[in-house]
>>> print(open('model13.txt').read())   # compact mmCIF, C-alpha atoms
# COMPACT_ATOMS: atom_id res chain seq x y z
CA MET A 16 91.49 100.64 5.31
CA THR A 17 91.28 103.84 3.39
CA ASP A 18 92.26 107.38 4.21
CA ALA A 19 88.71 108.66 4.74
CA PRO A 20 88.39 111.60 7.10
CA ASN A 21 87.32 110.91 10.66
CA ALA A 22 84.04 112.19 12.06
CA PRO A 23 84.34 115.00 14.56
CA GLN A 24 84.65 113.90 18.16
CA SER A 25 81.49 115.68 19.25
CA GLY A 26 79.57 113.65 16.74
CA PHE A 27 80.68 110.21 17.82
CA VAL A 28 77.91 107.70 17.93
CA LEU A 29 78.52 105.17 20.62
CA PRO A 30 77.40 101.59 20.03
CA LYS A 31 74.96 99.87 22.32
CA SER A 32 77.60 97.54 23.59
CA LEU A 33 79.70 100.46 24.83
CA VAL A 34 78.01 101.30 28.05
CA THR A 35 80.55 102.31 30.66
CA ARG A 36 83.74 104.34 30.73
CA ILE A 37 85.59 101.04 31.12
CA ASP A 38 84.15 99.89 27.82
CA LEU A 39 85.39 103.10 26.21
CA SER A 40 88.86 102.59 27.71
CA ARG A 41 88.90 99.05 26.39
CA LEU A 42 87.94 100.38 22.94
CA ILE A 43 90.78 102.91 23.03
CA ARG A 44 93.26 100.21 24.02
CA GLU A 45 92.09 98.01 21.17
CA ILE A 46 92.52 100.85 18.67
CA GLU A 47 96.03 101.46 19.99
CA SER A 48 96.79 97.77 19.66
CA VAL A 49 95.51 97.69 16.09
CA ASP A 50 97.62 100.72 15.26
CA ASN A 51 100.70 99.02 16.71
CA GLN A 52 100.02 95.80 14.81
CA LEU A 53 99.61 97.69 11.55
CA ASN A 54 102.83 99.60 12.11
CA GLU A 55 104.72 96.39 12.83
CA ALA A 56 103.28 94.76 9.72
CA ARG A 57 104.24 97.73 7.56
CA ILE A 58 107.77 97.73 8.87
CA ARG A 59 108.14 94.02 8.24
CA ALA A 60 106.59 94.17 4.76
CA GLY A 61 108.65 97.13 3.60
CA ASP A 62 107.71 100.33 1.79
CA GLY A 63 104.67 100.19 -0.51
CA ALA A 64 103.74 96.65 0.38
CA GLU A 65 100.13 95.76 1.14
CA VAL A 66 99.56 94.80 4.82
CA LYS A 67 96.78 92.63 6.12
CA SER A 68 94.36 94.25 8.51
CA PRO A 69 94.19 92.58 11.93
CA SER A 70 90.91 91.14 13.16
CA LEU A 71 88.76 93.61 15.08
CA SER A 72 86.31 93.07 17.92
CA GLY A 73 82.59 93.41 17.29
CA GLN A 74 82.42 96.50 19.43
CA LEU A 75 85.17 98.26 17.43
CA GLU A 76 83.68 97.25 14.14
CA GLU A 77 80.27 98.52 15.25
CA PHE A 78 81.84 101.77 16.44
CA LEU A 79 83.63 102.24 13.12
CA THR A 80 80.51 101.39 11.19
CA LEU A 81 78.24 103.69 13.17
CA ASN A 82 80.66 106.55 12.80
CA GLN A 83 81.61 105.70 9.18
CA LEU A 84 85.30 105.61 10.02
CA GLN A 85 88.09 104.06 8.01
CA LEU A 86 91.45 103.94 9.70
CA GLY A 87 94.57 103.70 7.61
CA THR A 88 97.48 105.83 8.66
CA SER A 89 99.07 106.23 12.00
CA GLN A 90 98.04 109.87 11.94
CA GLN A 91 94.38 108.89 11.67
CA PHE A 92 94.77 106.40 14.49
CA ALA A 93 96.42 109.02 16.63
CA GLU A 94 93.68 111.56 16.01
CA LEU A 95 90.97 109.01 16.74
CA ILE A 96 92.66 107.89 19.94
CA LYS A 97 93.06 111.49 21.05
CA SER A 98 89.42 112.23 20.30
CA LEU A 99 88.25 109.15 22.16
CA ARG A 100 90.40 110.03 25.18
CA THR A 101 88.90 113.47 25.19
CA LEU A 102 85.46 111.90 24.98
CA LYS A 103 86.33 109.58 27.83
CA ASP A 104 87.33 112.50 29.99
CA LYS A 105 84.55 114.87 29.04
CA ALA A 106 81.54 112.63 28.35
CA PRO A 107 78.74 113.00 30.89
CA VAL A 108 78.42 110.03 33.22
CA VAL A 109 75.19 108.87 34.79
CA HIS A 110 75.73 106.76 37.90
CA LEU A 111 73.07 104.14 38.35
CA THR A 112 72.89 102.09 41.54
CA PHE A 113 70.66 99.04 41.43
CA ALA A 114 69.36 96.73 44.12
CA VAL A 115 70.35 93.66 42.14
CA THR A 116 73.18 92.85 39.75
CA ALA A 117 72.47 94.50 36.44
CA ASP A 118 72.56 92.26 33.38
CA VAL A 119 74.21 93.44 30.16
CA GLU A 120 71.01 93.64 28.17
CA SER A 121 69.28 95.84 30.68
CA LEU A 122 72.29 98.10 30.90
CA GLN A 123 72.49 98.41 27.12
CA TRP A 124 68.79 99.14 27.03
CA ILE A 125 69.13 101.87 29.63
CA ALA A 126 72.24 103.32 27.95
CA ASP A 127 70.41 103.42 24.66
CA TRP A 128 67.50 105.22 26.26
CA VAL A 129 69.80 107.74 28.00
CA ARG A 130 71.69 108.46 24.78
CA ARG A 131 68.50 108.76 22.82
CA GLU A 132 66.62 110.94 25.27
CA MET A 133 69.31 112.88 27.13
CA HIS A 134 72.77 112.96 25.69
CA PRO A 135 74.10 110.95 22.72
CA GLN A 136 77.51 110.39 24.26
CA ALA A 137 76.51 109.72 27.84
CA LEU A 138 78.24 106.90 29.68
CA ILE A 139 76.85 104.77 32.44
CA SER A 140 78.49 103.93 35.76
CA VAL A 141 76.92 100.98 37.57
CA GLY A 142 76.75 100.28 41.29
CA LEU A 143 75.07 97.73 43.53
CA GLN A 144 73.19 98.46 46.75
CA PRO A 145 70.86 95.62 47.86
CA SER A 146 69.22 97.74 50.53
CA LEU A 147 67.47 99.67 47.80
CA VAL A 148 65.22 96.58 47.37
CA ALA A 149 64.01 97.71 43.98
CA GLY A 150 64.30 100.65 41.61
CA VAL A 151 67.41 102.68 40.93
CA TYR A 152 69.44 105.40 42.54
CA VAL A 153 70.51 107.88 39.86
CA ARG A 154 73.35 110.34 40.31
CA THR A 155 74.02 112.89 37.59
CA PRO A 156 77.00 115.28 37.83
CA ASN A 157 75.17 117.62 40.19
CA HIS A 158 71.98 115.91 41.30
CA VAL A 159 70.74 112.76 42.95
CA HIS A 160 67.46 111.06 42.14
CA ASP A 161 66.24 108.27 44.35
CA PHE A 162 63.86 106.06 42.41
CA SER A 163 64.30 103.11 44.73
CA LEU A 164 61.64 101.38 46.81
CA LYS A 165 63.61 102.29 49.92
CA GLY A 166 63.40 105.93 48.95
CA VAL A 167 59.69 105.66 48.34
CA LEU A 168 59.15 104.07 51.74
CA LYS A 169 61.28 106.68 53.41
CA LYS A 170 59.49 109.49 51.65
CA ASN A 171 56.13 108.11 52.68
CA ARG A 172 57.12 107.26 56.26
CA GLY A 173 54.92 110.11 57.43
CA LEU A 174 51.88 108.23 56.19
CA LEU A 175 52.69 105.29 58.44
CA VAL A 176 53.30 107.58 61.42
CA LYS A 177 50.07 109.33 60.69
CA GLU A 178 48.24 106.04 60.63
CA LEU A 179 49.82 105.11 63.98
CA GLU A 180 48.79 108.45 65.44
CA VAL A 181 45.25 107.90 64.25
CA LEU A 182 45.35 104.45 65.81
CA ARG A 183 46.64 105.92 69.12
CA GLY A 184 43.94 108.63 69.04
CA ALA A 185 41.28 106.00 68.52
CA ARG A 186 42.41 104.23 71.69
CA MET B 21 145.00 106.42 211.39
CA GLY B 22 147.45 104.15 213.08
CA ILE B 23 145.81 100.96 212.04
CA LEU B 24 147.80 100.78 208.84
CA LYS B 25 151.15 100.58 210.57
CA ARG B 26 153.53 97.85 209.49
CA LYS B 27 152.90 94.78 211.57
CA GLN B 28 155.60 93.01 213.34
CA ASP B 29 156.35 89.49 211.90
CA PRO B 30 155.99 87.21 214.89
CA GLN B 31 157.74 84.34 213.11
CA ARG B 32 160.70 86.43 212.13
CA ARG B 33 163.70 85.04 213.84
CA PRO B 34 166.51 87.11 214.95
CA PRO B 35 169.82 86.02 213.77
CA ILE B 36 170.81 83.13 215.82
CA ASP B 37 174.08 82.15 216.58
CA GLU B 38 174.78 78.46 215.94
CA ASN B 39 176.27 78.27 219.28
CA SER B 40 173.09 79.35 220.84
CA ASP B 41 170.72 76.64 219.26
CA GLY B 42 170.38 74.89 222.48
CA VAL B 43 168.98 77.94 224.09
CA GLN B 44 166.71 78.43 221.18
CA HIS B 45 165.19 75.08 221.73
CA PHE B 46 164.77 75.93 225.30
CA PHE B 47 162.55 78.91 224.58
CA ASP B 48 160.49 77.27 221.83
CA GLY B 49 157.49 76.77 224.01
CA TYR B 50 157.70 80.25 225.33
CA PHE B 51 157.93 81.75 222.01
CA MET B 52 155.01 79.81 220.71
CA GLU B 53 152.94 81.09 223.59
CA LEU B 54 154.09 84.57 222.84
CA ARG B 55 153.32 84.07 219.27
CA GLU B 56 149.85 82.90 220.17
CA ARG B 57 149.32 85.84 222.36
CA GLY B 58 150.57 88.16 219.72
CA ARG B 59 148.30 86.60 217.12
CA THR B 60 145.31 86.99 219.35
CA TYR B 61 146.22 90.50 220.19
CA PHE B 62 146.87 91.32 216.57
CA ALA B 63 143.50 89.85 215.58
CA LYS B 64 141.87 91.85 218.22
CA ILE B 65 143.64 95.00 217.06
CA VAL B 66 142.71 94.23 213.49
CA GLU B 67 139.12 93.73 214.43
CA GLU B 68 139.07 96.93 216.32
CA ASN B 69 140.73 98.76 213.52
CA ALA B 70 138.34 97.18 211.05
CA ALA B 71 135.47 98.31 213.21
CA HIS B 72 136.95 101.78 213.28
CA PHE B 73 137.57 101.64 209.65
CA ARG B 74 134.03 100.47 209.01
CA ASP B 75 132.67 103.26 211.09
CA ASP B 76 134.90 105.76 209.41
CA LEU B 77 133.93 104.37 206.08
CA ASN B 78 130.25 104.54 206.88
CA VAL B 79 130.65 108.05 208.10
CA THR B 80 132.69 108.93 205.09
CA ILE B 81 130.18 107.29 202.72
CA GLY B 82 127.37 109.11 204.42
CA LYS B 83 129.21 112.35 204.07
CA VAL B 84 130.07 111.60 200.49
CA ASN B 85 126.44 110.73 199.84
CA GLU B 86 125.31 113.91 201.40
CA GLU B 87 127.89 115.89 199.46
CA ILE B 88 126.96 114.13 196.25
CA LYS B 89 123.33 114.67 196.99
CA SER B 90 123.83 118.30 197.70
CA HIS B 91 126.07 118.68 194.69
CA LEU B 92 123.60 116.91 192.45
CA THR B 93 120.75 118.92 193.89
CA GLU B 94 122.71 122.06 193.28
CA ARG B 95 123.54 121.01 189.74
CA VAL B 96 119.96 120.00 189.06
CA ASP B 97 118.73 123.27 190.42
CA GLU B 98 121.22 125.11 188.30
CA GLN B 99 120.24 123.10 185.28
CA ILE B 100 116.56 123.61 185.99
CA ALA B 101 117.15 127.28 186.43
CA GLU B 102 119.12 127.36 183.20
CA ASN B 103 116.47 125.36 181.41
CA GLY B 104 113.83 127.60 182.76
CA LYS B 105 115.72 130.59 181.54
CA ILE B 106 116.20 129.02 178.15
CA MET B 107 112.57 128.06 178.01
CA LYS B 108 111.62 131.53 179.04
CA ASP B 109 113.85 132.98 176.34
CA ALA B 110 112.43 130.53 173.85
CA GLN B 111 108.93 131.38 174.92
CA GLU B 112 109.69 135.04 174.59
CA ALA B 113 111.25 134.48 171.18
CA ALA B 114 108.32 132.34 170.13
CA LEU B 115 105.93 134.89 171.47
CA GLU B 116 107.79 137.62 169.69
CA ALA B 117 107.80 135.59 166.48
CA LEU B 118 104.16 134.83 166.96
CA ASN B 119 103.39 138.47 167.50
CA ARG B 120 105.45 139.36 164.48
CA GLY B 121 103.66 136.66 162.48
CA ILE B 122 100.34 137.97 163.67
CA GLN B 123 101.35 141.45 162.66
CA ASP B 124 102.52 140.19 159.25
CA PHE B 125 99.34 138.21 158.92
CA GLN B 126 97.31 141.24 159.82
CA THR B 127 99.26 143.32 157.32
CA GLN B 128 98.81 140.70 154.66
CA GLN B 129 95.17 140.41 155.56
CA LYS B 130 94.81 144.12 155.16
CA GLN B 131 96.60 144.03 151.81
CA LEU B 132 94.50 141.08 150.80
CA ASN B 133 91.37 142.86 151.81
CA THR B 134 92.43 145.90 149.85
CA ALA B 135 93.31 143.80 146.81
CA LEU B 136 90.11 141.85 147.19
CA GLN B 137 88.08 144.97 147.34
CA GLN B 138 89.87 146.33 144.31
CA ASN B 139 89.36 143.05 142.53
CA ILE B 140 85.73 142.98 143.49
CA THR B 141 85.35 146.53 142.23
CA THR B 142 87.08 145.62 138.98
CA GLN B 143 85.03 142.47 138.63
CA GLN B 144 81.85 144.38 139.30
CA SER B 145 82.84 146.91 136.69
CA ALA B 146 83.74 144.16 134.21
CA ILE B 147 80.57 142.26 134.98
CA GLY B 148 78.60 145.40 134.48
CA THR B 149 80.27 146.08 131.20
CA MET B 150 79.83 142.45 130.19
CA PHE B 151 76.23 142.54 131.18
CA GLU B 152 75.69 145.60 129.07
CA ASP B 153 77.50 144.00 126.17
CA ASN B 154 75.55 140.80 126.55
CA LYS B 155 72.37 142.73 126.75
CA THR B 156 73.27 144.54 123.54
CA GLN B 157 74.23 141.29 121.90
CA ILE B 158 71.05 139.61 123.03
CA ASP B 159 69.07 142.51 121.63
CA ALA B 160 71.00 142.26 118.37
CA MET B 161 70.50 138.50 118.36
CA LYS B 162 66.79 138.88 118.90
CA SER B 163 66.68 141.35 116.06
CA ALA B 164 68.70 138.99 113.85
CA GLN B 165 66.46 136.10 114.83
CA ALA B 166 63.44 138.10 113.88
CA THR B 167 65.03 139.00 110.55
CA ALA B 168 66.09 135.40 110.00
CA LEU B 169 62.60 134.23 110.84
CA GLN B 170 61.19 136.67 108.35
CA THR B 171 63.68 135.53 105.72
CA LEU B 172 62.93 131.94 106.56
CA ASN B 173 59.23 132.48 106.16
CA ALA B 174 59.83 134.26 102.88
CA THR B 175 62.12 131.43 101.77
CA VAL B 176 59.54 128.85 102.73
CA ALA B 177 56.92 130.72 100.75
CA THR B 178 59.30 130.99 97.79
CA LEU B 179 60.18 127.32 98.09
CA GLN B 180 56.55 126.36 98.16
CA GLU B 181 55.98 128.47 95.10
CA GLN B 182 59.01 127.00 93.39
CA GLN B 183 57.90 123.53 94.39
CA GLN B 184 54.55 124.17 92.82
CA GLN B 185 56.24 125.52 89.70
CA LEU B 186 58.55 122.52 89.70
CA ILE B 187 55.62 120.16 90.02
CA ASP B 188 53.87 121.93 87.16
CA ALA B 189 57.04 121.89 85.05
CA LEU B 190 57.62 118.26 85.93
CA GLN B 191 54.13 117.28 84.96
CA LYS B 192 54.47 119.25 81.77
CA ASN B 193 57.85 117.67 81.12
CA ILE B 194 56.42 114.23 81.80
CA ALA B 195 53.66 114.89 79.35
CA ASN B 196 56.19 116.12 76.78
CA GLN B 197 58.42 113.13 77.43
CA GLU B 198 55.46 110.84 77.03
CA ALA B 199 54.53 112.48 73.77
CA MET B 200 58.16 112.38 72.64
CA ILE B 201 58.51 108.73 73.59
CA ILE B 202 55.32 107.88 71.79
CA GLY B 203 56.50 109.90 68.81
CA ALA B 204 59.85 108.13 68.89
CA PHE B 205 58.06 104.83 69.20
CA GLU B 206 55.94 105.66 66.20
CA GLN B 207 59.03 106.70 64.26
CA ASN B 208 60.82 103.54 65.31
CA MET B 209 57.73 101.57 64.53
CA ALA B 210 57.72 103.07 61.06
CA GLN B 211 61.39 102.21 60.71
CA VAL B 212 60.72 98.68 61.91
CA VAL B 213 57.92 98.26 59.41
CA GLU B 214 60.09 99.77 56.71
CA HIS B 215 62.99 97.52 57.63
CA TYR B 216 60.68 94.55 57.59
CA LEU B 217 59.39 95.46 54.15
CA LEU B 218 62.90 95.98 52.84
CA GLY B 219 64.01 92.65 54.25
CA ALA B 220 60.98 90.83 53.02
CA LEU B 221 60.97 92.29 49.53
CA SER B 222 64.69 92.19 48.74
CA ASP B 223 65.75 89.81 45.97
CA GLN B 224 62.15 89.64 44.83
CA PHE B 225 62.57 91.92 41.84
CA ASP B 226 64.48 91.27 38.66
CA LEU B 227 66.09 94.26 36.93
CA LYS B 228 64.33 93.47 33.71
CA ALA B 229 61.02 93.53 35.52
CA GLN B 230 61.94 96.88 37.03
CA LEU B 231 63.10 98.46 33.76
CA PRO B 232 59.72 99.88 32.70
CA SER B 233 59.25 101.47 36.09
CA ILE B 234 62.80 102.80 36.11
CA ILE B 235 62.49 104.24 32.65
CA GLN B 236 59.17 105.75 33.57
CA GLN B 237 60.61 107.51 36.59
CA MET B 238 63.63 108.67 34.65
CA GLU B 239 61.32 109.91 31.96
CA GLN B 240 59.48 111.98 34.51
CA ASN B 241 62.79 113.57 35.62
CA LYS B 242 64.38 113.61 32.20
CA GLN B 243 64.46 117.36 31.77
CA GLU B 244 66.15 117.96 35.08
CA MET B 245 68.74 115.30 34.39
CA MET B 246 69.39 116.67 30.90
CA ASP B 247 69.91 120.15 32.26
CA ASP B 248 72.34 118.79 34.80
CA MET B 249 74.37 116.97 32.18
CA LYS B 250 74.54 120.01 29.94
CA LEU B 251 76.09 122.16 32.65
>>> encode(input="model13.txt", output="structure tokens")
Amino acid sequence: MTDAPNAPQSGFVLPKSLVTRIDLSRLIREIESVDNQLNEARIRAGDGAEVKSPSLSGQLEEFLTLNQLQLGTSQQFAELIKSLRTLKDKAPVVHLTFAVTADVESLQWIADWVRREMHPQALISVGLQPSLVAGVYVRTPNHVHDFSLKGVLKKNRGLLVKELEVLRGAR
Amino acid sequence: MGILKRKQDPQRRPPIDENSDGVQHFFDGYFMELRERGRTYFAKIVEENAAHFRDDLNVTIGKVNEEIKSHLTERVDEQIAENGKIMKDAQEAALEALNRGIQDFQTQQKQLNTALQQNITTQQSAIGTMFEDNKTQIDAMKSAQATALQTLNATVATLQEQQQQLIDALQKNIANQEAMIIGAFEQNMAQVVEHYLLGALSDQFDLKAQLPSIIQQMEQNKQEMMDDMKL
């Protein structure tokens, strides 16, 4: 690892595999672990000795690649961890509630679309509500959007009542 | 009465001298004859005296009877006279008491009459007053009855009117209730249909199959969601 400067925190590009805030927390923990392992290795090897980089997860490698980051010193690790914690606290979260269990691919696809179309650092929070039948129930920080089949039926309940009224009038 | 004189004991012997017993025996027969004669004579005297005594006794008894009779008659007369006097006194006392009682009775009767008259006068006055009062009360009662009758008639009219209003309101309420129930039924019916659809269609959609629709709907609301996230 070299001493290349880190990208600014507002410009972080999140990988597809990092969907939820939990994923981001896991990424931060892994970076902290790598930093600790490197520090231990340096202390054991002595001053000036070359230390072997520990193996990284695919998600971390993708994150580093996408953001063109090279971590070397403890100072760089600390700055990155601080920036990621800030991102974790401040990144906009879109809560999506599905009628069925969401698979990873679909979630990644949706997260990619959200980051591409709405906010590049948006995180997804997933919920399950079978009574929705189909569709999704979206909750942004201040609004709720019901795109579920249950919502559609509820919204169009007047049509059914109207049909019943027509039927009663015909009698 | 000489009949009670002490009799001579014919058998009493004079003191005899023992030298003279021969003589005594010589006069035994003579003495016995004398003794017999004396006995007969004595019996005769006794009978005569008894007859005299009987006569005297009869006379005496008769006199005593007469005296007793007169005495008793006198005593009875005295007693009768005394009784008569007592009875007369008692009669007088009773008469006096009776007269006094009659006088008291008459006095009491007079007082009673006076009191009765006063009482009758008072009663008449009270009855008159009561009659007047009752008459006034009856008049007032008649007036109150008339007023009550008027009020009652007015109340009946009001009640009839209220009843009619109530019937109208009830009919209207029934119609509203019917409409509300039908409306509620339609709403419930819609809910039932909706619930049925939800139950029937659940687990029929895969998320991957829904993704295009989800993305399409999110695309339609993209601007609003973006604005919300930028806040």
>>> residues_around(input="model13.txt", residues="segment 234-246 of chain B", least_positions_apart="4", cutoff="8 Å", atoms="only C-alpha atoms", output="PyMOL selection string")
(chain A and resi 125+132-134+150-151+155+158+162) or (chain B and resi 230+250)
>>> interface_residues(input="model13.txt", of="chain A", to="chain B", cutoff="10 Å", atoms="all atoms listed in the file", output="PyMOL selection string")
chain A and resi 106-109+113-118+120-122+124-125+128-129+132-134+137+145-165+168-169+171-180+183
>>> write_last_selection(input="model13.txt", atoms="C-alpha atoms", output="PDB file, in the frame of the given file")
ATOM      1  CA  ALA A 106      81.540 112.630  28.350  1.00  0.00           C
ATOM      2  CA  PRO A 107      78.740 113.000  30.890  1.00  0.00           C
ATOM      3  CA  VAL A 108      78.420 110.030  33.220  1.00  0.00           C
ATOM      4  CA  VAL A 109      75.190 108.870  34.790  1.00  0.00           C
ATOM      5  CA  PHE A 113      70.660  99.040  41.430  1.00  0.00           C
ATOM      6  CA  ALA A 114      69.360  96.730  44.120  1.00  0.00           C
ATOM      7  CA  VAL A 115      70.350  93.660  42.140  1.00  0.00           C
ATOM      8  CA  THR A 116      73.180  92.850  39.750  1.00  0.00           C
ATOM      9  CA  ALA A 117      72.470  94.500  36.440  1.00  0.00           C
ATOM     10  CA  ASP A 118      72.560  92.260  33.380  1.00  0.00           C
ATOM     11  CA  GLU A 120      71.010  93.640  28.170  1.00  0.00           C
ATOM     12  CA  SER A 121      69.280  95.840  30.680  1.00  0.00           C
ATOM     13  CA  LEU A 122      72.290  98.100  30.900  1.00  0.00           C
ATOM     14  CA  TRP A 124      68.790  99.140  27.030  1.00  0.00           C
ATOM     15  CA  ILE A 125      69.130 101.870  29.630  1.00  0.00           C
ATOM     16  CA  TRP A 128      67.500 105.220  26.260  1.00  0.00           C
ATOM     17  CA  VAL A 129      69.800 107.740  28.000  1.00  0.00           C
ATOM     18  CA  GLU A 132      66.620 110.940  25.270  1.00  0.00           C
ATOM     19  CA  MET A 133      69.310 112.880  27.130  1.00  0.00           C
ATOM     20  CA  HIS A 134      72.770 112.960  25.690  1.00  0.00           C
ATOM     21  CA  ALA A 137      76.510 109.720  27.840  1.00  0.00           C
ATOM     22  CA  PRO A 145      70.860  95.620  47.860  1.00  0.00           C
ATOM     23  CA  SER A 146      69.220  97.740  50.530  1.00  0.00           C
ATOM     24  CA  LEU A 147      67.470  99.670  47.800  1.00  0.00           C
ATOM     25  CA  VAL A 148      65.220  96.580  47.370  1.00  0.00           C
ATOM     26  CA  ALA A 149      64.010  97.710  43.980  1.00  0.00           C
ATOM     27  CA  GLY A 150      64.300 100.650  41.610  1.00  0.00           C
ATOM     28  CA  VAL A 151      67.410 102.680  40.930  1.00  0.00           C
ATOM     29  CA  TYR A 152      69.440 105.400  42.540  1.00  0.00           C
ATOM     30  CA  VAL A 153      70.510 107.880  39.860  1.00  0.00           C
ATOM     31  CA  ARG A 154      73.350 110.340  40.310  1.00  0.00           C
ATOM     32  CA  THR A 155      74.020 112.890  37.590  1.00  0.00           C
ATOM     33  CA  PRO A 156      77.000 115.280  37.830  1.00  0.00           C
ATOM     34  CA  ASN A 157      75.170 117.620  40.190  1.00  0.00           C
ATOM     35  CA  HIS A 158      71.980 115.910  41.300  1.00  0.00           C
ATOM     36  CA  VAL A 159      70.740 112.760  42.950  1.00  0.00           C
ATOM     37  CA  HIS A 160      67.460 111.060  42.140  1.00  0.00           C
ATOM     38  CA  ASP A 161      66.240 108.270  44.350  1.00  0.00           C
ATOM     39  CA  PHE A 162      63.860 106.060  42.410  1.00  0.00           C
ATOM     40  CA  SER A 163      64.300 103.110  44.730  1.00  0.00           C
ATOM     41  CA  LEU A 164      61.640 101.380  46.810  1.00  0.00           C
ATOM     42  CA  LYS A 165      63.610 102.290  49.920  1.00  0.00           C
ATOM     43  CA  LEU A 168      59.150 104.070  51.740  1.00  0.00           C
ATOM     44  CA  LYS A 169      61.280 106.680  53.410  1.00  0.00           C
ATOM     45  CA  ASN A 171      56.130 108.110  52.680  1.00  0.00           C
ATOM     46  CA  ARG A 172      57.120 107.260  56.260  1.00  0.00           C
ATOM     47  CA  GLY A 173      54.920 110.110  57.430  1.00  0.00           C
ATOM     48  CA  LEU A 174      51.880 108.230  56.190  1.00  0.00           C
ATOM     49  CA  LEU A 175      52.690 105.290  58.440  1.00  0.00           C
ATOM     50  CA  VAL A 176      53.300 107.580  61.420  1.00  0.00           C
ATOM     51  CA  LYS A 177      50.070 109.330  60.690  1.00  0.00           C
ATOM     52  CA  GLU A 178      48.240 106.040  60.630  1.00  0.00           C
ATOM     53  CA  LEU A 179      49.820 105.110  63.980  1.00  0.00           C
ATOM     54  CA  GLU A 180      48.790 108.450  65.440  1.00  0.00           C
ATOM     55  CA  ARG A 183      46.640 105.920  69.120  1.00  0.00           C
TER      56      ARG A 183
END
>>> atom_distance(input="model13.txt", atom1="atom CA of Ile147 of chain B", atom2="atom CA of Ala168 of chain B")
29.7 Å
>>> atom_distance(input="model13.txt", atom1="atom CA of Asn85 of chain B", atom2="atom CA of Ile100 of chain B")
21.3 Å
>>> residues_around(input="model13.txt", residues="Phe27 of chain A", least_positions_apart="5", cutoff="10 Å", atoms="all atoms listed in the file", output="PyMOL selection string")
chain A and resi 21-22+78-79+81-83+98-99+102+135-136
>>> axis_aligned_box(input="model13.txt", around="segment 154-166 of chain A", padding_each_side="5 Å", output="JSON")
{"center_x": 69.3, "center_y": 109.5, "center_z": 43.8, "size_x": 25.4, "size_y": 26.2, "size_z": 22.3}
>>> closest_residue(input="model13.txt", among="A:Gln52, A:Thr112, A:Ser32, A:Thr88", to="Lys67 of chain A", atoms="all atoms listed in the file")
A:Gln52
